[in-house]
Each structure stands twice: as structure tokens, then as C-alpha cells.
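As provided, structure-v1.csv (CSV, C-alpha atoms and all ligand atoms) reads as follows.
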chain,number,residue,atom,x,y,z
H,1,MET,CA,88.2,74.5,103.3
H,2,THR,CA,85.9,77.4,103.9
H,3,LEU,CA,86.6,81.1,103.3
H,4,ALA,CA,86.4,82.0,107.0
H,5,THR,CA,89.2,79.6,107.9
H,6,LEU,CA,91.7,81.3,105.6
H,7,SER,CA,94.1,83.9,107.0
H,8,PRO,CA,93.8,87.6,106.1
H,9,PRO,CA,93.5,89.0,103.5
H,10,TYR,CA,92.1,85.8,102.0
H,11,ASN,CA,89.3,85.4,104.5
H,12,THR,CA,87.5,88.5,103.0
H,13,ALA,CA,88.2,87.7,99.4
H,14,ASP,CA,85.5,87.8,96.7
H,15,LEU,CA,85.1,84.1,95.7
H,16,ALA,CA,82.9,84.8,92.8
H,17,ASN,CA,85.6,87.1,91.3
H,18,GLY,CA,88.2,84.4,92.1
H,19,ARG,CA,86.2,81.8,90.3
H,20,ALA,CA,85.9,84.2,87.3
H,21,ALA,CA,89.7,84.7,87.4
H,22,PHE,CA,90.2,81.0,87.4
H,23,ALA,CA,88.8,81.0,83.8
H,24,ARG,CA,92.3,82.0,82.8
H,25,CYS,CA,93.7,78.8,84.3
H,26,ARG,CA,91.0,76.4,83.4
H,27,SER,CA,92.3,75.4,80.0
H,28,CYS,CA,95.5,74.1,81.6
H,29,HIS,CA,94.5,73.1,85.2
H,30,THR,CA,91.9,71.2,87.2
H,31,LEU,CA,91.3,71.7,90.9
H,32,ALA,CA,89.2,68.7,92.1
H,33,GLU,CA,90.7,65.7,93.8
H,34,GLY,CA,91.8,63.2,91.1
H,35,GLY,CA,91.2,65.8,88.5
H,36,ALA,CA,92.7,65.4,85.0
H,37,ARG,CA,96.2,66.4,84.2
H,38,LEU,CA,95.9,68.8,81.3
H,39,THR,CA,98.8,71.0,79.9
H,40,GLY,CA,99.5,71.7,83.6
H,41,PRO,CA,99.3,69.6,86.7
H,42,ASN,CA,96.1,69.1,88.7
H,43,LEU,CA,96.1,71.5,91.7
H,44,TRP,CA,94.3,69.5,94.4
H,45,GLY,CA,96.1,69.9,97.8
H,46,LEU,CA,98.3,72.7,96.4
H,47,PHE,CA,98.8,74.5,99.7
H,48,GLY,CA,101.4,72.7,101.7
H,49,ARG,CA,102.6,70.6,98.8
H,50,PRO,CA,106.2,70.9,97.6
H,51,VAL,CA,106.6,72.6,94.2
H,52,GLY,CA,106.6,70.1,91.3
H,53,SER,CA,105.3,67.1,93.3
H,54,MET,CA,102.0,66.1,91.5
H,55,GLU,CA,102.6,62.5,90.7
H,56,GLY,CA,102.6,61.5,87.1
H,57,TYR,CA,103.2,65.0,85.8
H,58,THR,CA,106.4,65.8,84.0
H,59,TYR,CA,107.6,69.2,85.2
H,60,SER,CA,110.3,71.4,83.6
H,61,ARG,CA,113.8,71.2,84.8
H,62,ALA,CA,113.4,74.6,86.5
H,63,VAL,CA,110.5,73.3,88.6
H,64,GLN,CA,112.2,70.0,89.3
H,65,ASP,CA,115.2,71.9,90.6
H,66,ALA,CA,113.1,74.3,92.7
H,67,ASP,CA,112.7,73.6,96.4
H,68,PHE,CA,109.9,75.2,98.3
H,69,VAL,CA,106.4,74.5,99.6
H,70,TRP,CA,103.4,76.2,98.0
H,71,GLY,CA,101.6,78.8,100.2
H,72,PRO,CA,99.6,82.0,99.4
H,73,ASP,CA,102.7,84.2,99.3
H,74,ASN,CA,104.8,82.4,96.8
H,75,LEU,CA,101.6,81.6,94.7
H,76,ASP,CA,100.9,85.3,94.6
H,77,HIS,CA,104.3,86.0,93.2
H,78,TRP,CA,104.1,83.0,90.7
H,79,LEU,CA,100.8,84.2,89.4
H,80,ASP,CA,101.9,87.8,89.1
H,81,ASN,CA,104.9,86.9,86.9
H,82,PRO,CA,105.7,83.2,86.5
H,83,LYS,CA,108.7,83.8,84.4
H,84,GLU,CA,110.3,86.1,86.9
H,85,PHE,CA,109.4,84.0,89.8
H,86,LEU,CA,111.0,80.8,88.4
H,87,PRO,CA,113.0,81.5,85.1
H,88,GLY,CA,112.8,78.6,82.7
H,89,ASN,CA,109.5,77.1,83.8
H,90,LYS,CA,107.1,75.9,81.1
H,91,MET,CA,103.9,77.6,82.2
H,92,THR,CA,103.0,79.8,79.3
H,93,PHE,CA,101.0,82.4,81.2
H,94,ALA,CA,101.9,86.1,81.1
H,95,GLY,CA,100.7,86.8,84.6
H,96,LEU,CA,97.7,88.1,86.5
H,97,HIS,CA,98.8,91.7,87.4
H,98,ASP,CA,95.8,92.8,89.4
H,99,ALA,CA,96.6,92.2,93.1
H,100,GLU,CA,92.9,92.0,94.1
H,101,ASP,CA,92.2,89.4,91.3
H,102,ARG,CA,95.2,87.4,92.6
H,103,ARG,CA,93.9,87.6,96.2
H,104,ASP,CA,90.5,86.4,95.1
H,105,LEU,CA,91.9,83.7,92.9
H,106,ILE,CA,94.2,82.4,95.6
H,107,ALA,CA,91.3,82.2,98.1
H,108,TYR,CA,89.2,80.4,95.5
H,109,ILE,CA,91.9,77.9,94.8
H,110,ALA,CA,92.4,77.4,98.6
H,111,THR,CA,88.7,76.6,99.0
H,112,GLN,CA,88.5,74.3,96.1
H,113,THR,CA,91.7,72.2,96.6
H,114,ARG,CA,91.2,71.0,100.1
H,115,ARG,CA,88.3,69.2,101.8
H,116,PRO,CA,86.3,71.4,104.3
H,117,PRO,CA,86.9,70.2,107.9
H,118,THR,CA,84.4,67.5,108.9
H,119,ALA,CA,82.4,68.0,112.2
H,201,LIG,C1,98.8,77.5,79.0
H,201,LIG,C2,98.6,76.7,80.1
H,201,LIG,C3,98.6,77.2,81.5
H,201,LIG,C4,97.9,78.3,82.0
H,201,LIG,C5,96.9,79.2,81.3
H,201,LIG,C6,98.1,78.3,83.4
H,201,LIG,N1,99.1,77.3,83.7
H,201,LIG,FE1,99.8,76.9,85.6
H,201,LIG,N2,101.0,75.5,84.8
H,201,LIG,C7,101.1,75.2,83.5
H,201,LIG,C8,102.2,74.3,83.3
H,201,LIG,C9,102.7,73.7,81.9
H,201,LIG,C10,102.8,74.1,84.5
H,201,LIG,C11,104.1,73.3,84.8
H,201,LIG,C12,105.3,74.2,84.8
H,201,LIG,C13,106.6,73.6,84.8
H,201,LIG,O1,106.8,72.4,84.9
H,201,LIG,O2,107.6,74.4,84.5
H,201,LIG,C14,102.1,74.9,85.5
H,201,LIG,C15,102.3,74.9,86.8
H,201,LIG,C16,101.5,75.6,87.8
H,201,LIG,C17,101.7,75.5,89.2
H,201,LIG,C18,102.7,74.7,89.9
H,201,LIG,C19,102.1,73.4,90.3
H,201,LIG,C20,103.0,72.4,91.1
H,201,LIG,O3,102.6,71.2,91.2
H,201,LIG,O4,104.0,72.8,91.6
H,201,LIG,C21,100.7,76.3,89.7
H,201,LIG,C22,100.4,76.5,91.2
H,201,LIG,C23,99.9,76.8,88.6
H,201,LIG,N3,100.4,76.4,87.5
H,201,LIG,C24,98.8,77.6,88.8
H,201,LIG,C25,98.1,78.3,87.7
H,201,LIG,C26,97.0,79.2,87.9
H,201,LIG,C27,96.4,79.6,89.2
H,201,LIG,C28,96.7,79.7,86.6
H,201,LIG,C29,95.7,80.7,86.2
H,201,LIG,C30,96.0,82.1,86.7
H,201,LIG,C31,97.6,79.0,85.7
H,201,LIG,N4,98.4,78.2,86.4
H,201,LIG,C32,97.6,79.1,84.3
H,201,LIG,C33,100.3,75.6,82.5
H,201,LIG,C34,99.4,76.6,82.6

Produce C-alpha cells that represent the structure in this file.
Amino acid sequence: MTLATLSPPYNTADLANGRAAFARCRSCHTLAEGGARLTGPNLWGLFGRPVGSMEGYTYSRAVQDADFVWGPDNLDHWLDNPKEFLPGNKMTFAGLHDAEDRRDLIAYIATQTRRPPTA
């Protein structure tokens, strides 16, 4: 997926900054298709995927009981404050509080977790 095909404000995000922000996730998550499961699940195909649905990964009860589909808005909230967004989840991450960093990171994840359209 390319930056220009994302919806605003993500289509004007700073991908280099998003990539830099992903350094805070890298110890626990991979993005590529078939990427390793680390402490956290692989994030390939995240957008449009139901929460807690990466096969072979054992999620917390809180995530297993949650029922929504990942998109930019709920990911923004999750990354700002995972504990508040879904109490009882097991992602030990304090949150990324800078809204611009989150915008750039979400755009970066979107471009890395889906194949660009062919043709
Ligand atoms: C210390 C390890 C750790 C860090 C750092 C971390 N995560 Fe996670 N992440 C997890 C774990 C563990 C889960 C599973 C949560 C559960 O089951 O309660 C998770 C779950 C997720 C999910 C839900 C996936 C799904 O399949 O529903 C997303 C999205 C996510 N993390 C994104 C991120 C991003 C983006 C960052 C960087 C800003 C990040 N995480 C940082 C460990 C981490």
C-alpha cells in the first residue's frame, strides 16, 4: 500500500518519522508477511483484521473478549494509551503520546503491512 492511497491525514504523513517511531515497537512486533511472532503478534494485514486474530498467537483474555476490527482510529487510541483503551491487555507499552508521531507511525504501519496494488 502506498502513502498516497491512504485517507487523510495519513496520506501526508512523514514516513521516515513513522519508521523511526516504530523503533519503539520493533522489539515486540514484526510487520512483514509471515514475520516472526515475538512478545507480540506479527502485524501483517492489521487494518481490516479483527482484534486478536493472528493465528498461533495467544492473546490476553481482554483481547480475546474484545470485538472490533482494526483501523486507523482505534489504533490511534490503542497506541496513545493501551491500558485505557483495553484494560487488562498484556501489551506492556506506556503509550506514544505525540499525536503527530502516532499519525506517522500509523501511516508507516499501513504501508508496510499490505501489498501495494498491482498494475
Ligand atoms: C514490550 C512489548 C511490546 C511493545 C513495545 C509493543 N507491543 Fe504491541 N503488543 C504486545 C503484546 C504482548 C500484544 C498482545 C496484547 C494482548 O494479547 O493483550 C500486543 C498487541 C498489539 C496489537 C494488537 C494486535 C492484534 O492482533 O490484535 C497492536 C496493533 C500492537 N500491539 C501494536 C504495537 C505498536 C504499533 C507498538 C509500538 C508503538 C507496540 N505494539 C509496542 C507487545 C508489545

To one decimal place, how far is CA of Pro8 in chain H from CA of Leu105 in chain H in Å? 13.9 Å

Between CA of Thr12 in chain H and atom C15 of ligand LIG 201 (chain H), measure the distance and give it in Å to one decimal.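 According to the coordinates, CA of Thr12 in chain H and atom C15 of ligand LIG 201 (chain H) are separated by 25.8 Å.
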
Within 8 Å of ligand LIG 201 (chain H), which residues of chain H come that close, and what is the closest atom pair and distance in Å for each? Count all atoms listed in the file and give it as a Markdown table.
| residue | atom | partner | partner_atom | distance |
| --- | --- | --- | --- | --- |
| H:Ala21 | CA | H:LIG201 | C30 | 6.9 |
| H:Phe22 | CA | H:LIG201 | C29 | 5.6 |
| H:Ala23 | CA | H:LIG201 | C29 | 7.3 |
| H:Arg24 | CA | H:LIG201 | C29 | 5.0 |
| H:Cys25 | CA | H:LIG201 | C29 | 3.3 |
| H:Arg26 | CA | H:LIG201 | C5 | 6.9 |
| H:Ser27 | CA | H:LIG201 | C5 | 6.1 |
| H:Cys28 | CA | H:LIG201 | C2 | 4.3 |
| H:His29 | CA | H:LIG201 | N1 | 6.4 |
| H:Thr39 | CA | H:LIG201 | C9 | 5.1 |
| H:Gly40 | CA | H:LIG201 | C8 | 3.8 |
| H:Pro41 | CA | H:LIG201 | O3 | 5.8 |
| H:Asn42 | CA | H:LIG201 | O3 | 7.3 |
| H:Leu43 | CA | H:LIG201 | C19 | 6.4 |
| H:Leu46 | CA | H:LIG201 | C22 | 6.8 |
| H:Arg49 | CA | H:LIG201 | O3 | 7.6 |
| H:Pro50 | CA | H:LIG201 | O4 | 6.7 |
| H:Val51 | CA | H:LIG201 | O4 | 3.7 |
| H:Gly52 | CA | H:LIG201 | O4 | 3.8 |
| H:Ser53 | CA | H:LIG201 | O3 | 5.3 |
| H:Met54 | CA | H:LIG201 | O3 | 5.1 |
| H:Thr58 | CA | H:LIG201 | O1 | 6.7 |
| H:Tyr59 | CA | H:LIG201 | O1 | 3.3 |
| H:Ser60 | CA | H:LIG201 | O1 | 3.9 |
| H:Arg61 | CA | H:LIG201 | O2 | 7.0 |
| H:Ala62 | CA | H:LIG201 | O2 | 6.1 |
| H:Val63 | CA | H:LIG201 | O2 | 5.1 |
| H:Gln64 | CA | H:LIG201 | O1 | 7.4 |
| H:Trp70 | CA | H:LIG201 | O4 | 7.3 |
| H:Leu75 | CA | H:LIG201 | C22 | 6.3 |
| H:Trp78 | CA | H:LIG201 | C22 | 7.5 |
| H:Leu79 | CA | H:LIG201 | C30 | 5.9 |
| H:Gly88 | CA | H:LIG201 | O2 | 6.9 |
| H:Asn89 | CA | H:LIG201 | O2 | 3.4 |
| H:Lys90 | CA | H:LIG201 | O2 | 3.7 |
| H:Met91 | CA | H:LIG201 | C8 | 3.9 |
| H:Thr92 | CA | H:LIG201 | C1 | 4.8 |
| H:Phe93 | CA | H:LIG201 | C5 | 5.2 |
| H:Gly95 | CA | H:LIG201 | C30 | 7.0 |
| H:Leu96 | CA | H:LIG201 | C30 | 6.2 |
| H:Arg102 | CA | H:LIG201 | C30 | 8.0 |
| H:Leu105 | CA | H:LIG201 | C27 | 7.1 |
| H:Ile106 | CA | H:LIG201 | C27 | 7.3 |
| H:Ile109 | CA | H:LIG201 | C27 | 7.4 |

CA of Asn74 in chain H to CA of Leu86 in chain H, distance in Å rounded to a single decimal: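 Interatomic distance here is 10.6 Å.
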
Would you please work out which residue, of H:Asp101, H:Gly71, H:Asp80, H:Arg115, is nearest to Asp14 in chain H when using only C-alpha atoms?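 Between H:Asp101, H:Gly71, H:Asp80, H:Arg115, the residue approaching Asp14 in chain H most closely is H:Asp101.
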
Considering all atoms listed in the file, state which residue in the set H:Phe68, H:Phe85, H:Phe47, H:Tyr108 is at the smallest distance from Ala4 in chain H.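 Nearest to Ala4 in chain H: H:Tyr108.
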
Leaving out Tyr10 in chain H and any residue of its chain fewer than 6 positions from it, which residues lie within 8 Å of it when counting only C-alpha atoms, given as a compact mmCIF listing (two decimals) with C-alpha atoms, keeping the file's coordinate frame?
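part-v5.txt written:
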# COMPACT_ATOMS: atom_id res chain seq x y z
CA LEU H 3 86.60 81.10 103.30
CA ARG H 103 93.90 87.60 96.20
CA ASP H 104 90.50 86.40 95.10
CA ILE H 106 94.20 82.40 95.60
CA ALA H 107 91.30 82.20 98.10

Shortest interatomic distance to Asp73 in chain H - which of H:Ala16, H:Leu31, H:Ala99, H:Leu38, counting all atoms listed in the file: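 Once distances to Asp73 in chain H are computed over all atoms listed in the file, the minimum belongs to H:Ala99.
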
So which residues touch Thr2 in chain H within 12 Å, counting only C-alpha atoms, skipping near sequence neighbours fewer than 3 positions away, as a tab-separated table (two decimals) with C-alpha atoms, in the frame of the given file?
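What follows is the written file out-v5.tsv:
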chain	number	residue	atom	x	y	z
H	5	THR	CA	89.20	79.60	107.90
H	6	LEU	CA	91.70	81.30	105.60
H	7	SER	CA	94.10	83.90	107.00
H	10	TYR	CA	92.10	85.80	102.00
H	11	ASN	CA	89.30	85.40	104.50
H	12	THR	CA	87.50	88.50	103.00
H	13	ALA	CA	88.20	87.70	99.40
H	15	LEU	CA	85.10	84.10	95.70
H	107	ALA	CA	91.30	82.20	98.10
H	108	TYR	CA	89.20	80.40	95.50
H	109	ILE	CA	91.90	77.90	94.80
H	110	ALA	CA	92.40	77.40	98.60
H	111	THR	CA	88.70	76.60	99.00
H	112	GLN	CA	88.50	74.30	96.10
H	113	THR	CA	91.70	72.20	96.60
H	114	ARG	CA	91.20	71.00	100.10
H	115	ARG	CA	88.30	69.20	101.80
H	116	PRO	CA	86.30	71.40	104.30
H	117	PRO	CA	86.90	70.20	107.90
H	118	THR	CA	84.40	67.50	108.90

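With all atoms listed in the file as the atoms that count, the residue of H:Gly18, H:Ala94, H:Asp65, H:Trp44 with the shortest distance to Met1 in chain H is H:Trp44.
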